[in-house]
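Step one of this worksheet: look at the structure below.
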Amino acid sequence: MKLLILASLLGLSLAQFNPNTKDGKTAIVHLFEWRWADIAAECERYLGPNGFGGVQISPPSESIVVTNPWHPWWQRYQPIGYNLCSRSGNEDELRDMITRCNNVGVNIYVDAVVNHMCGAGGGSGTHSSCGSYFNANNKDFPTVPFSNYDFNDGKCNTGSGNIENYQDVNQVRNCRLVGLLDLALEKDYVRGKVADYMNKLIDMGVAGFRVDACKHMWPGDLSVLYGMLHNLNTKWFSSGSRPFIFQEVIDLGGEPITSNEYYGIGRVTEFKYGAKLGNIIRKWNGEKLSYVKNWGEGWGFMPSDKALVFVDNHDNQRGHGAGGASILTFWDARLYKMAVGFMLAHPYGFTRVMSSYRWDRNFVNGQDQNDWIGPPSYEPFSNWWDNGSNQIAFSRGSRGFIVFNNDDWDLSVSLSTGLPGGTYCDVISGQKENGRCTGKQVDVGGDGKATIRISNQEEDPFIAIHADSKL
Ligand code: QV4
Ligand code: CA
């Protein structure tokens, strides 16, 4: 009997290290900020046929909607509840995507943000991705429900209530990470609500979770939480399969909290991997490619069967999180492809490829002022202008810009187009053909402004330019 218990415990303890991929596939891709409908199509047309084991998706839970800056990608790391609606789609679209991806052998791993709710400065109201009411001021999240009693503030020993010193393990777990309201995960009630959220996703067919901000949760609480999770849905996974768990813990050394506190209960992100590989491929600090002969544990990384590895992630590809200047990203295309190719070829760790979107960077004193920009799928109606009469203009994100003159006099004005600098063909009076404009053209300055002139005598007194009509 004792042997049986040992075997089952061993089975339990090893299970959440197993990604549950079909046919032993060894790589997943992070489709950061992709919409559920687009992921479903991508599973069927590309990821399934090309041997991807799965997709990490952006947080599907209801989050705050931030307007300053405008709808940043990071608003999805500020939950206000666990309803399944977000910029990527609603619950039905999520369910459909999970089904379609599973049906072509591509697993879905959910980015679970369960250490906290929204920022303390999140205000109150229904500025949320499903429109649910919340009040960050008094920690009231009725859609769960969570109340003031479900947060850690009483256990935080800093003046600000925020984490102020990463050398103090109690602060790191019990205080607010950049002001994010910190959940009390030692409470059965809170664990129960979080487990309900994750179990709903498991029952919908997901294969596991990236658990966000694990450094900020006690391993003991996480271990209890993982034990509350259902087995995977037997429609797609063998009976008794446990959810794959990979925990975000940034450990580059130098802090009292280390990866090995967590890799007994699930895999852990190995941030040393991308930082070191970037140095090697860039040939910085005297590093040479030939040095990777003993790549893996020989370089001080955690045991291979505990590690989730990547070249860059959604944080450090845009200067958030950790890894520093050596991190290779799509901006360094030639070196980046070598790094990704090496990672996928080498046996160390379970590998994750990064796939997100391009944004216009704007460095000021070495800091990208646009590091917050969300995905292009969201094209806000913005840069509205009017003259109080019958002349108007507006843009659609950074993709399009249109101006109308329906007054009985000329329009002549400098306007913000929302578009990157360059020369654009007006697609009302003509179009872009063989590298030139057959009609009018509009010159947009580096500041995104353009001087627009439209006579009220014109046959078509309006102008339209867009990203694909740029010379
Ligand atoms: C601001 C002030 C705070 C103030 C607070 C009051 O900076 O001092 O107390 O307002 O409300 C955004 C803003 C940040 C703001 C915060 C709360 O950038 O300025 O604080 O919201 O309003 C992402 C982004 C963060 C973003 C956060 C929440 O990176 O910039 O903060 O989402 O929207 C550590 C952790 C590690 C973490 C990493 C970034 O150990 O776990 O920092 N990585 C994960 C995710 C990451 C995400 C979070 C954790 C939080 O990968 O994407 O942060 O869920 O290393
Ligand atoms: Ca915490």
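Naming works like this for the structure tokens: A, B, ... for the chains as they're shown, residue 1 at the start of each chain, ligands 1 onward in shown order.
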
>> Can you pull out every residue with an atom within 7 Å of ligand 1? Use only C-alpha atoms and all ligand atoms and format it as a VMD selection string.
In response: chain A and resid 74 to 78 113 118 to 122 162 178 to 180 212 to 216 248 to 250 314 to 315 320 to 322

>> Let's see if you can do this: from backbone DSSP, list all alpha helix (DSSP H) residues in range 198-392 of chain A, as number ranges by chain.
In response: A: 198-204, 219-227, 271-282, 333-345

> For the atom pair CA of Ala184 in chain A and CA of Asp150 in chain A, what is the interatomic distance in Å to one decimal place?
Replying inline: 5.4 Å

>> How would you report the residues lying within 12 Å of ligand 2, as a VMD selection string, if you count only C-alpha atoms and all ligand atoms?
In response: chain A and resid 113 to 117 150 to 153 155 to 156 161 to 163 169 to 186 212 to 219 221 to 222

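In this model, the gap between CA of Asn390 in chain A and CA of Gly448 in chain A comes to 23.3 Å.
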
>> Env of range 133-148 of chain A: 7 Å cut, atoms = only C-alpha atoms, seq-sep filter 4 positions within chain, self excluded. Answer as a ChimeraX atom specification.
In response: /A:80-82,120-126

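Rounded to one decimal, CA of His127 in chain A and CA of Asn199 in chain A lie 26.4 Å from each other.
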
>> Residues near range 298-305 of chain A, anyone? I mean within 10 Å using only C-alpha atoms, not counting same-chain ones fewer than 6 positions away, as a ChimeraX atom specification.
In response: /A:14,17-18,252,259-260,263,266-273,276,291-292,347-350

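Of the residues under consideration (A:Ile281, A:Lys200, A:Gly388, A:Gln431), A:Ile281 shows the shortest atom-to-atom contact distance to Gly341 in chain A when counting only C-alpha atoms.
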